[in-house]
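J.: Just one file: final.pdb, with PDB, N, CA and C atoms.
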ATOM      1  N   MET A  19      12.361  -6.700 -19.749
ATOM      2  CA  MET A  19      11.146  -6.247 -19.122
ATOM      3  C   MET A  19      11.060  -6.675 -17.655
ATOM      4  N   LEU A  20      11.763  -7.713 -17.328
ATOM      5  CA  LEU A  20      11.748  -8.201 -15.946
ATOM      6  C   LEU A  20      12.319  -7.161 -14.987
ATOM      7  N   GLU A  21      13.303  -6.389 -15.446
ATOM      8  CA  GLU A  21      13.881  -5.352 -14.576
ATOM      9  C   GLU A  21      12.862  -4.266 -14.241
ATOM     10  N   TYR A  22      11.934  -3.990 -15.161
ATOM     11  CA  TYR A  22      10.869  -3.021 -14.874
ATOM     12  C   TYR A  22       9.907  -3.566 -13.821
ATOM     13  N   LEU A  23       9.637  -4.846 -13.924
ATOM     14  CA  LEU A  23       8.761  -5.488 -12.942
ATOM     15  C   LEU A  23       9.393  -5.452 -11.555
ATOM     16  N   ILE A  24      10.649  -5.823 -11.467
ATOM     17  CA  ILE A  24      11.344  -5.829 -10.170
ATOM     18  C   ILE A  24      11.455  -4.410  -9.621
ATOM     19  N   GLY A  25      11.805  -3.465 -10.465
ATOM     20  CA  GLY A  25      11.886  -2.066 -10.033
ATOM     21  C   GLY A  25      10.544  -1.536  -9.571
ATOM     22  N   GLY A  26       9.493  -1.856 -10.324
ATOM     23  CA  GLY A  26       8.150  -1.424  -9.942
ATOM     24  C   GLY A  26       7.708  -2.021  -8.620
ATOM     25  N   LEU A  27       8.020  -3.287  -8.403
ATOM     26  CA  LEU A  27       7.668  -3.929  -7.133
ATOM     27  C   LEU A  27       8.460  -3.332  -5.974
ATOM     28  N   ALA A  28       9.699  -2.926  -6.234
ATOM     29  CA  ALA A  28      10.494  -2.280  -5.187
ATOM     30  C   ALA A  28       9.902  -0.916  -4.833
ATOM     31  N   VAL A  29       9.526  -0.151  -5.853
ATOM     32  CA  VAL A  29       8.890   1.156  -5.603
ATOM     33  C   VAL A  29       7.595   0.956  -4.835
ATOM     34  N   LEU A  30       6.808  -0.029  -5.239
ATOM     35  CA  LEU A  30       5.550  -0.294  -4.558
ATOM     36  C   LEU A  30       5.776  -0.720  -3.107
ATOM     37  N   ALA A  31       6.817  -1.492  -2.847
ATOM     38  CA  ALA A  31       7.111  -1.906  -1.470
ATOM     39  C   ALA A  31       7.376  -0.689  -0.586
ATOM     40  N   VAL A  32       8.129   0.268  -1.113
ATOM     41  CA  VAL A  32       8.401   1.501  -0.355
ATOM     42  C   VAL A  32       7.101   2.259  -0.102
ATOM     43  N   LEU A  33       6.275   2.402  -1.135
ATOM     44  CA  LEU A  33       5.004   3.121  -0.976
ATOM     45  C   LEU A  33       4.062   2.382  -0.036
ATOM     46  N   TRP A  34       4.066   1.059  -0.093
ATOM     47  CA  TRP A  34       3.216   0.232   0.758
ATOM     48  C   TRP A  34       3.621   0.427   2.218
ATOM     49  N   PHE A  35       4.941   0.394   2.485
ATOM     50  CA  PHE A  35       5.431   0.594   3.857
ATOM     51  C   PHE A  35       5.175   2.029   4.312
ATOM     52  N   LEU A  36       5.391   2.990   3.428
ATOM     53  CA  LEU A  36       5.139   4.388   3.766
ATOM     54  C   LEU A  36       3.668   4.604   4.122
ATOM     55  N   ASP A  37       2.773   3.909   3.445
ATOM     56  CA  ASP A  37       1.356   3.990   3.766
ATOM     57  C   ASP A  37       1.103   3.505   5.188
ATOM     58  N   GLU A  38       1.770   2.450   5.595
ATOM     59  CA  GLU A  38       1.622   1.940   6.967
ATOM     60  C   GLU A  38       2.079   2.982   7.981
ATOM     61  N   VAL A  39       3.229   3.590   7.737
ATOM     62  CA  VAL A  39       3.765   4.601   8.650
ATOM     63  C   VAL A  39       2.860   5.826   8.706
ATOM     64  N   LEU A  40       2.472   6.333   7.545
ATOM     65  CA  LEU A  40       1.614   7.515   7.507
ATOM     66  C   LEU A  40       0.239   7.247   8.110
ATOM     67  N   THR A  41      -0.282   6.040   7.905
ATOM     68  CA  THR A  41      -1.561   5.684   8.511
ATOM     69  C   THR A  41      -1.451   5.683  10.025
ATOM     70  N   SER A  42      -0.382   5.114  10.550
ATOM     71  CA  SER A  42      -0.185   5.092  12.003
ATOM     72  C   SER A  42      -0.117   6.508  12.569
ATOM     73  N   LEU A  43       0.631   7.370  11.901
ATOM     74  CA  LEU A  43       0.738   8.759  12.356
ATOM     75  C   LEU A  43      -0.600   9.489  12.230
ATOM     76  N   ASP A  44      -1.300   9.232  11.142
ATOM     77  CA  ASP A  44      -2.594   9.865  10.900
ATOM     78  C   ASP A  44      -3.612   9.459  11.969
ATOM     79  N   VAL A  45      -3.638   8.185  12.315
ATOM     80  CA  VAL A  45      -4.578   7.695  13.327
ATOM     81  C   VAL A  45      -4.222   8.264  14.703
ATOM     82  N   LYS A  46      -2.937   8.382  14.977
ATOM     83  CA  LYS A  46      -2.536   8.978  16.259
ATOM     84  C   LYS A  46      -2.966  10.439  16.349
ATOM     85  N   LYS A  47      -2.898  11.146  15.226
ATOM     86  CA  LYS A  47      -3.220  12.573  15.226
ATOM     87  C   LYS A  47      -4.723  12.838  15.159
ATOM     88  N   TYR A  48      -5.450  12.082  14.317
ATOM     89  CA  TYR A  48      -6.860  12.362  14.056
ATOM     90  C   TYR A  48      -7.829  11.313  14.593
ATOM     91  N   GLY A  49      -7.303  10.228  15.100
ATOM     92  CA  GLY A  49      -8.181   9.178  15.614
ATOM     93  C   GLY A  49      -8.540   8.148  14.553
ATOM     94  N   LEU A  50      -9.320   7.178  14.980
ATOM     95  CA  LEU A  50      -9.664   6.035  14.133
ATOM     96  C   LEU A  50     -10.441   6.435  12.879
ATOM     97  N   LYS A  51     -11.199   7.516  12.954
ATOM     98  CA  LYS A  51     -11.998   7.941  11.790
ATOM     99  C   LYS A  51     -11.120   8.308  10.595
ATOM    100  N   ALA A  52      -9.834   8.543  10.830
ATOM    101  CA  ALA A  52      -8.925   8.919   9.745
ATOM    102  C   ALA A  52      -8.617   7.742   8.819
ATOM    103  N   GLU A  53      -8.790   6.516   9.310
ATOM    104  CA  GLU A  53      -8.490   5.339   8.502
ATOM    105  C   GLU A  53      -9.691   4.956   7.658
ATOM    106  N   ALA A  54      -9.526   4.968   6.337
ATOM    107  CA  ALA A  54     -10.630   4.667   5.425
ATOM    108  C   ALA A  54     -10.774   3.168   5.149
ATOM    109  N   ASN A  55      -9.693   2.416   5.307
ATOM    110  CA  ASN A  55      -9.715   0.981   5.031
ATOM    111  C   ASN A  55     -10.395   0.249   6.190
ATOM    112  N   PRO A  56     -11.522  -0.426   5.956
ATOM    113  CA  PRO A  56     -12.241  -1.081   7.053
ATOM    114  C   PRO A  56     -11.466  -2.218   7.714
ATOM    115  N   ILE A  57     -10.630  -2.912   6.956
ATOM    116  CA  ILE A  57      -9.838  -3.997   7.545
ATOM    117  C   ILE A  57      -8.804  -3.420   8.505
ATOM    118  N   MET A  58      -8.096  -2.392   8.051
ATOM    119  CA  MET A  58      -7.097  -1.760   8.923
ATOM    120  C   MET A  58      -7.762  -1.094  10.125
ATOM    121  N   ARG A  59      -8.910  -0.482   9.902
ATOM    122  CA  ARG A  59      -9.638   0.166  10.993
ATOM    123  C   ARG A  59     -10.010  -0.863  12.064
ATOM    124  N   TYR A  60     -10.446  -2.056  11.640
ATOM    125  CA  TYR A  60     -10.778  -3.116  12.585
ATOM    126  C   TYR A  60      -9.560  -3.511  13.414
ATOM    127  N   PHE A  61      -8.428  -3.744  12.750
ATOM    128  CA  PHE A  61      -7.215  -4.147  13.467
ATOM    129  C   PHE A  61      -6.776  -3.080  14.464
ATOM    130  N   ILE A  62      -6.819  -1.834  14.041
ATOM    131  CA  ILE A  62      -6.405  -0.742  14.921
ATOM    132  C   ILE A  62      -7.378  -0.613  16.090
ATOM    133  N   LYS A  63      -8.660  -0.693  15.809
ATOM    134  CA  LYS A  63      -9.686  -0.559  16.851
ATOM    135  C   LYS A  63      -9.547  -1.637  17.907
ATOM    136  N   GLU A  64      -9.256  -2.850  17.478
ATOM    137  CA  GLU A  64      -9.134  -3.973  18.401
ATOM    138  C   GLU A  64      -7.779  -3.990  19.117
ATOM    139  N   GLY A  65      -6.881  -3.106  18.728
ATOM    140  CA  GLY A  65      -5.585  -3.012  19.388
ATOM    141  C   GLY A  65      -4.623  -4.122  19.034
ATOM    142  N   HIS A  66      -4.817  -4.739  17.898
ATOM    143  CA  HIS A  66      -3.939  -5.829  17.470
ATOM    144  C   HIS A  66      -2.682  -5.273  16.820
ATOM    145  N   SER A  67      -1.654  -6.095  16.805
ATOM    146  CA  SER A  67      -0.436  -5.717  16.082
ATOM    147  C   SER A  67      -0.510  -6.200  14.642
ATOM    148  N   GLU A  68      -1.635  -6.797  14.260
ATOM    149  CA  GLU A  68      -1.777  -7.359  12.930
ATOM    150  C   GLU A  68      -1.780  -6.367  11.773
ATOM    151  N   PRO A  69      -2.061  -5.073  11.985
ATOM    152  CA  PRO A  69      -2.046  -4.209  10.796
ATOM    153  C   PRO A  69      -0.743  -4.306  10.011
ATOM    154  N   PHE A  70       0.374  -4.350  10.726
ATOM    155  CA  PHE A  70       1.659  -4.477  10.038
ATOM    156  C   PHE A  70       1.744  -5.806   9.298
ATOM    157  N   TYR A  71       1.333  -6.885   9.977
ATOM    158  CA  TYR A  71       1.392  -8.207   9.351
ATOM    159  C   TYR A  71       0.421  -8.299   8.176
ATOM    160  N   TRP A  72      -0.739  -7.658   8.315
ATOM    161  CA  TRP A  72      -1.700  -7.629   7.211
ATOM    162  C   TRP A  72      -1.089  -6.927   6.010
ATOM    163  N   LYS A  73      -0.402  -5.802   6.235
ATOM    164  CA  LYS A  73       0.211  -5.069   5.129
ATOM    165  C   LYS A  73       1.281  -5.926   4.440
ATOM    166  N   VAL A  74       2.102  -6.613   5.233
ATOM    167  CA  VAL A  74       3.139  -7.474   4.651
ATOM    168  C   VAL A  74       2.491  -8.606   3.859
ATOM    169  N   PHE A  75       1.508  -9.258   4.465
ATOM    170  CA  PHE A  75       0.812 -10.361   3.801
ATOM    171  C   PHE A  75       0.154  -9.891   2.505
ATOM    172  N   SER A  76      -0.554  -8.771   2.571
ATOM    173  CA  SER A  76      -1.258  -8.288   1.383
ATOM    174  C   SER A  76      -0.281  -7.887   0.278
ATOM    175  N   TYR A  77       0.895  -7.366   0.669
ATOM    176  CA  TYR A  77       1.896  -7.025  -0.349
ATOM    177  C   TYR A  77       2.357  -8.289  -1.080
ATOM    178  N   PHE A  78       2.643  -9.341  -0.327
ATOM    179  CA  PHE A  78       3.126 -10.559  -0.974
ATOM    180  C   PHE A  78       2.040 -11.261  -1.783
ATOM    181  N   VAL A  79       0.794 -11.131  -1.373
ATOM    182  CA  VAL A  79      -0.304 -11.644  -2.204
ATOM    183  C   VAL A  79      -0.345 -10.867  -3.513
ATOM    184  N   PHE A  80      -0.186  -9.558  -3.424
ATOM    185  CA  PHE A  80      -0.176  -8.735  -4.635
ATOM    186  C   PHE A  80       1.004  -9.118  -5.540
ATOM    187  N   VAL A  81       2.163  -9.347  -4.956
ATOM    188  CA  VAL A  81       3.328  -9.766  -5.753
ATOM    189  C   VAL A  81       3.016 -11.072  -6.476
ATOM    190  N   GLY A  82       2.343 -11.993  -5.789
ATOM    191  CA  GLY A  82       1.956 -13.248  -6.428
ATOM    192  C   GLY A  82       1.007 -13.042  -7.596
ATOM    193  N   ILE A  83       0.044 -12.154  -7.409
ATOM    194  CA  ILE A  83      -0.904 -11.852  -8.487
ATOM    195  C   ILE A  83      -0.176 -11.246  -9.687
ATOM    196  N   ILE A  84       0.728 -10.318  -9.406
ATOM    197  CA  ILE A  84       1.507  -9.691 -10.481
ATOM    198  C   ILE A  84       2.383 -10.730 -11.186
ATOM    199  N   ALA A  85       2.969 -11.649 -10.436
ATOM    200  CA  ALA A  85       3.808 -12.687 -11.047
ATOM    201  C   ALA A  85       2.991 -13.555 -11.996
ATOM    202  N   VAL A  86       1.787 -13.932 -11.590
ATOM    203  CA  VAL A  86       0.925 -14.730 -12.466
ATOM    204  C   VAL A  86       0.542 -13.938 -13.711
ATOM    205  N   LEU A  87       0.159 -12.671 -13.523
ATOM    206  CA  LEU A  87      -0.170 -11.833 -14.671
ATOM    207  C   LEU A  87       1.026 -11.687 -15.605
ATOM    208  N   TYR A  88       2.210 -11.507 -15.026
ATOM    209  CA  TYR A  88       3.423 -11.333 -15.832
ATOM    210  C   TYR A  88       3.719 -12.590 -16.647
ATOM    211  N   TYR A  89       3.445 -13.742 -16.058
ATOM    212  CA  TYR A  89       3.666 -15.009 -16.760
ATOM    213  C   TYR A  89       2.820 -15.077 -18.029
ATOM    214  N   PHE A  90       1.578 -14.605 -17.936
ATOM    215  CA  PHE A  90       0.669 -14.688 -19.072
ATOM    216  C   PHE A  90       0.772 -13.494 -20.016
ATOM    217  N   GLU A  91       0.925 -12.303 -19.456
ATOM    218  CA  GLU A  91       0.945 -11.104 -20.300
ATOM    219  C   GLU A  91       1.789 -10.022 -19.631
ATOM    220  N   HIS A  92       3.008  -9.834 -20.132
ATOM    221  CA  HIS A  92       3.954  -8.891 -19.526
ATOM    222  C   HIS A  92       3.408  -7.466 -19.453
ATOM    223  N   ILE A  93       2.908  -6.981 -20.558
ATOM    224  CA  ILE A  93       2.467  -5.585 -20.629
ATOM    225  C   ILE A  93       1.303  -5.319 -19.676
ATOM    226  N   PHE A  94       0.355  -6.238 -19.624
ATOM    227  CA  PHE A  94      -0.787  -6.062 -18.733
ATOM    228  C   PHE A  94      -0.327  -6.015 -17.276
ATOM    229  N   ALA A  95       0.595  -6.903 -16.909
ATOM    230  CA  ALA A  95       1.106  -6.931 -15.538
ATOM    231  C   ALA A  95       1.796  -5.616 -15.184
ATOM    232  N   LEU A  96       2.614  -5.108 -16.105
ATOM    233  CA  LEU A  96       3.317  -3.849 -15.851
ATOM    234  C   LEU A  96       2.348  -2.666 -15.789
ATOM    235  N   ALA A  97       1.333  -2.686 -16.647
ATOM    236  CA  ALA A  97       0.335  -1.610 -16.623
ATOM    237  C   ALA A  97      -0.445  -1.636 -15.311
ATOM    238  N   PHE A  98      -0.855  -2.815 -14.894
ATOM    239  CA  PHE A  98      -1.587  -2.962 -13.638
ATOM    240  C   PHE A  98      -0.724  -2.518 -12.460
ATOM    241  N   LEU A  99       0.541  -2.912 -12.467
ATOM    242  CA  LEU A  99       1.472  -2.491 -11.422
ATOM    243  C   LEU A  99       1.618  -0.974 -11.418
ATOM    244  N   GLY A 100       1.707  -0.371 -12.586
ATOM    245  CA  GLY A 100       1.814   1.083 -12.677
ATOM    246  C   GLY A 100       0.593   1.789 -12.106
ATOM    247  N   ILE A 101      -0.583   1.247 -12.359
ATOM    248  CA  ILE A 101      -1.811   1.826 -11.817
ATOM    249  C   ILE A 101      -1.823   1.749 -10.300
ATOM    250  N   VAL A 102      -1.424   0.620  -9.756
ATOM    251  CA  VAL A 102      -1.401   0.457  -8.298
ATOM    252  C   VAL A 102      -0.351   1.374  -7.674
ATOM    253  N   ILE A 103       0.795   1.519  -8.312
ATOM    254  CA  ILE A 103       1.810   2.452  -7.823
ATOM    255  C   ILE A 103       1.252   3.870  -7.804
ATOM    256  N   ALA A 104       0.562   4.271  -8.869
ATOM    257  CA  ALA A 104      -0.021   5.616  -8.929
ATOM    258  C   ALA A 104      -1.053   5.808  -7.815
ATOM    259  N   LEU A 105      -1.868   4.795  -7.562
ATOM    260  CA  LEU A 105      -2.866   4.893  -6.491
ATOM    261  C   LEU A 105      -2.207   5.024  -5.117
ATOM    262  N   TYR A 106      -1.193   4.212  -4.872
ATOM    263  CA  TYR A 106      -0.501   4.307  -3.579
ATOM    264  C   TYR A 106       0.222   5.633  -3.434
ATOM    265  N   LEU A 107       0.781   6.141  -4.510
ATOM    266  CA  LEU A 107       1.431   7.446  -4.464
ATOM    267  C   LEU A 107       0.413   8.530  -4.117
ATOM    268  N   PHE A 108      -0.757   8.472  -4.725
ATOM    269  CA  PHE A 108      -1.826   9.423  -4.430
ATOM    270  C   PHE A 108      -2.234   9.332  -2.957
ATOM    271  N   VAL A 109      -2.446   8.123  -2.461
ATOM    272  CA  VAL A 109      -2.855   7.932  -1.060
ATOM    273  C   VAL A 109      -1.772   8.438  -0.110
ATOM    274  N   ASP A 110      -0.521   8.110  -0.393
ATOM    275  CA  ASP A 110       0.571   8.556   0.485
ATOM    276  C   ASP A 110       0.706  10.077   0.483
ATOM    277  N   LEU A 111       0.601  10.691  -0.691
ATOM    278  CA  LEU A 111       0.677  12.153  -0.745
ATOM    279  C   LEU A 111      -0.497  12.789  -0.016
ATOM    280  N   HIS A 112      -1.673  12.213  -0.152
ATOM    281  CA  HIS A 112      -2.854  12.713   0.563
ATOM    282  C   HIS A 112      -2.641  12.623   2.076
ATOM    283  N   ASN A 113      -2.157  11.471   2.544
ATOM    284  CA  ASN A 113      -1.898  11.309   3.980
ATOM    285  C   ASN A 113      -0.831  12.266   4.470
ATOM    286  N   LEU A 114       0.198  12.486   3.668
ATOM    287  CA  LEU A 114       1.267  13.398   4.045
ATOM    288  C   LEU A 114       0.750  14.823   4.134
ATOM    289  N   GLU A 115      -0.039  15.249   3.181
ATOM    290  CA  GLU A 115      -0.629  16.594   3.223
ATOM    291  C   GLU A 115      -1.529  16.746   4.442
ATOM    292  N   ARG A 116      -2.287  15.736   4.747
ATOM    293  CA  ARG A 116      -3.172  15.772   5.896
ATOM    294  C   ARG A 116      -2.385  15.914   7.191
ATOM    295  N   LEU A 117      -1.278  15.176   7.288
ATOM    296  CA  LEU A 117      -0.440  15.263   8.493
ATOM    297  C   LEU A 117       0.211  16.635   8.638
ATOM    298  N   GLU A 118       0.528  17.245   7.500
ATOM    299  CA  GLU A 118       1.140  18.574   7.545
ATOM    300  C   GLU A 118       0.115  19.660   7.813
ATOM    301  N   GLY A 119      -1.157  19.280   7.778
ATOM    302  CA  GLY A 119      -2.206  20.242   8.085
ATOM    303  C   GLY A 119      -2.688  21.054   6.917
ATOM    304  N   ASN A 120      -2.401  20.633   5.695
ATOM    305  CA  ASN A 120      -2.839  21.369   4.497
ATOM    306  C   ASN A 120      -4.224  20.978   4.098
TER     307      ASN A 120
END
Would you mind writing the file out in structure tokens?

T.:
Amino acid sequence: MLEYLIGGLAVLAVLWFLDEVLTSLDVKKYGLKAEANPIMRYFIKEGHSEPFYWKVFSYFVFVGIIAVLYYFEHIFALAFLGIVIALYLFVDLHNLERLEGN
């Protein structure tokens, strides 16, 4: 079961990074109003380079949470990871469609 956890975290890392890239492109094309996350919107508005660091930090915090959940209950951790992967996939596809103008 550990291989599913590692694979899921790898998929999530790609989706997490893709969200950062698509968000940057979306904000460049549509402006700050395109960003729905208030924390990211603050960083972008203030002109900080922290959005990238925030994304990296938040990913590793999430990995820590998943590791603790996995320690106590494997299935719950994998289910929770699957839900988060599905949410990030939805957000990334939405951002991609928006960038393509659909």

J.: Could you spell out the hits of the PyMOL selection byres (((chain A and resi 95 and name CA) around 12) and name CA) on the shown file, as an mmCIF file with N, CA and C atoms, keeping the file's coordinate frame?

T.:
data_model
loop_
_atom_site.group_PDB
_atom_site.id
_atom_site.type_symbol
_atom_site.label_atom_id
_atom_site.label_comp_id
_atom_site.auth_asym_id
_atom_site.auth_seq_id
_atom_site.Cartn_x
_atom_site.Cartn_y
_atom_site.Cartn_z
ATOM 1 N N MET A 19 12.361 -6.700 -19.749
ATOM 2 C CA MET A 19 11.146 -6.247 -19.122
ATOM 3 C C MET A 19 11.060 -6.675 -17.655
ATOM 4 N N LEU A 20 11.763 -7.713 -17.328
ATOM 5 C CA LEU A 20 11.748 -8.201 -15.946
ATOM 6 C C LEU A 20 12.319 -7.161 -14.987
ATOM 7 N N TYR A 22 11.934 -3.990 -15.161
ATOM 8 C CA TYR A 22 10.869 -3.021 -14.874
ATOM 9 C C TYR A 22 9.907 -3.566 -13.821
ATOM 10 N N LEU A 23 9.637 -4.846 -13.924
ATOM 11 C CA LEU A 23 8.761 -5.488 -12.942
ATOM 12 C C LEU A 23 9.393 -5.452 -11.555
ATOM 13 N N ILE A 24 10.649 -5.823 -11.467
ATOM 14 C CA ILE A 24 11.344 -5.829 -10.170
ATOM 15 C C ILE A 24 11.455 -4.410 -9.621
ATOM 16 N N GLY A 26 9.493 -1.856 -10.324
ATOM 17 C CA GLY A 26 8.150 -1.424 -9.942
ATOM 18 C C GLY A 26 7.708 -2.021 -8.620
ATOM 19 N N LEU A 27 8.020 -3.287 -8.403
ATOM 20 C CA LEU A 27 7.668 -3.929 -7.133
ATOM 21 C C LEU A 27 8.460 -3.332 -5.974
ATOM 22 N N PHE A 80 -0.186 -9.558 -3.424
ATOM 23 C CA PHE A 80 -0.176 -8.735 -4.635
ATOM 24 C C PHE A 80 1.004 -9.118 -5.540
ATOM 25 N N VAL A 81 2.163 -9.347 -4.956
ATOM 26 C CA VAL A 81 3.328 -9.766 -5.753
ATOM 27 C C VAL A 81 3.016 -11.072 -6.476
ATOM 28 N N GLY A 82 2.343 -11.993 -5.789
ATOM 29 C CA GLY A 82 1.956 -13.248 -6.428
ATOM 30 C C GLY A 82 1.007 -13.042 -7.596
ATOM 31 N N ILE A 83 0.044 -12.154 -7.409
ATOM 32 C CA ILE A 83 -0.904 -11.852 -8.487
ATOM 33 C C ILE A 83 -0.176 -11.246 -9.687
ATOM 34 N N ILE A 84 0.728 -10.318 -9.406
ATOM 35 C CA ILE A 84 1.507 -9.691 -10.481
ATOM 36 C C ILE A 84 2.383 -10.730 -11.186
ATOM 37 N N ALA A 85 2.969 -11.649 -10.436
ATOM 38 C CA ALA A 85 3.808 -12.687 -11.047
ATOM 39 C C ALA A 85 2.991 -13.555 -11.996
ATOM 40 N N VAL A 86 1.787 -13.932 -11.590
ATOM 41 C CA VAL A 86 0.925 -14.730 -12.466
ATOM 42 C C VAL A 86 0.542 -13.938 -13.711
ATOM 43 N N LEU A 87 0.159 -12.671 -13.523
ATOM 44 C CA LEU A 87 -0.170 -11.833 -14.671
ATOM 45 C C LEU A 87 1.026 -11.687 -15.605
ATOM 46 N N TYR A 88 2.210 -11.507 -15.026
ATOM 47 C CA TYR A 88 3.423 -11.333 -15.832
ATOM 48 C C TYR A 88 3.719 -12.590 -16.647
ATOM 49 N N TYR A 89 3.445 -13.742 -16.058
ATOM 50 C CA TYR A 89 3.666 -15.009 -16.760
ATOM 51 C C TYR A 89 2.820 -15.077 -18.029
ATOM 52 N N PHE A 90 1.578 -14.605 -17.936
ATOM 53 C CA PHE A 90 0.669 -14.688 -19.072
ATOM 54 C C PHE A 90 0.772 -13.494 -20.016
ATOM 55 N N GLU A 91 0.925 -12.303 -19.456
ATOM 56 C CA GLU A 91 0.945 -11.104 -20.300
ATOM 57 C C GLU A 91 1.789 -10.022 -19.631
ATOM 58 N N HIS A 92 3.008 -9.834 -20.132
ATOM 59 C CA HIS A 92 3.954 -8.891 -19.526
ATOM 60 C C HIS A 92 3.408 -7.466 -19.453
ATOM 61 N N ILE A 93 2.908 -6.981 -20.558
ATOM 62 C CA ILE A 93 2.467 -5.585 -20.629
ATOM 63 C C ILE A 93 1.303 -5.319 -19.676
ATOM 64 N N PHE A 94 0.355 -6.238 -19.624
ATOM 65 C CA PHE A 94 -0.787 -6.062 -18.733
ATOM 66 C C PHE A 94 -0.327 -6.015 -17.276
ATOM 67 N N LEU A 96 2.614 -5.108 -16.105
ATOM 68 C CA LEU A 96 3.317 -3.849 -15.851
ATOM 69 C C LEU A 96 2.348 -2.666 -15.789
ATOM 70 N N ALA A 97 1.333 -2.686 -16.647
ATOM 71 C CA ALA A 97 0.335 -1.610 -16.623
ATOM 72 C C ALA A 97 -0.445 -1.636 -15.311
ATOM 73 N N PHE A 98 -0.855 -2.815 -14.894
ATOM 74 C CA PHE A 98 -1.587 -2.962 -13.638
ATOM 75 C C PHE A 98 -0.724 -2.518 -12.460
ATOM 76 N N LEU A 99 0.541 -2.912 -12.467
ATOM 77 C CA LEU A 99 1.472 -2.491 -11.422
ATOM 78 C C LEU A 99 1.618 -0.974 -11.418
ATOM 79 N N GLY A 100 1.707 -0.371 -12.586
ATOM 80 C CA GLY A 100 1.814 1.083 -12.677
ATOM 81 C C GLY A 100 0.593 1.789 -12.106
ATOM 82 N N ILE A 101 -0.583 1.247 -12.359
ATOM 83 C CA ILE A 101 -1.811 1.826 -11.817
ATOM 84 C C ILE A 101 -1.823 1.749 -10.300
ATOM 85 N N VAL A 102 -1.424 0.620 -9.756
ATOM 86 C CA VAL A 102 -1.401 0.457 -8.298
ATOM 87 C C VAL A 102 -0.351 1.374 -7.674
#

J.: Which one is closest to Thr41 (chain A): A:Ser76, A:Met58, A:Gly25, A:Glu118? Count only C-alpha atoms.

T.: A:Met58

J.: Would you list the contacts of Asp110 (chain A) as a list of chain:residue names, taking every protein, DNA or RNA residue within 8 Å and counting only N, CA and C atoms, but skipping same-chain residues closer than 2 positions in sequence?

T.: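 My reading of the contact set: A:Leu33, A:Leu36, A:Asp37, A:Leu40, A:Thr41, A:Ala104, A:Leu105, A:Tyr106, A:Leu107, A:Phe108, A:His112, A:Asn113, A:Leu114, A:Glu115, A:Arg116.
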
J.: Separation of CA of Lys73 (chain A) and CA of Trp34 (chain A), in Å?

T.: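 Rounded to one decimal, the two atoms are 7.5 Å apart.
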
J.: Run through the PyMOL selection byres (((chain A and resi 52-57 and name CA) around 12) and name CA) on the given coordinates and return the selected residues as a PyMOL selection string.

T.: chain A and resi 37-38+40-51+58-64+66+68-70+72-73+76+109+112-113+116-117

J.: Please write out, as AutoDock Vina command-line options, where the centre of an axis-aligned box around all listed atoms of region 38-55 of chain A lies and how long its edges are, in Å to one decimal, after adding 3 Å on each side.

T.:
--center_x -4.1 --center_y 6.5 --center_z 10.7 --size_x 21.8 --size_y 18.6 --size_z 17.3

J.: Region 52-90 of chain A: which residues are alpha helix (DSSP H) by DSSP, as a ChimeraX atom specification?

T.: /A:56-63,68-90
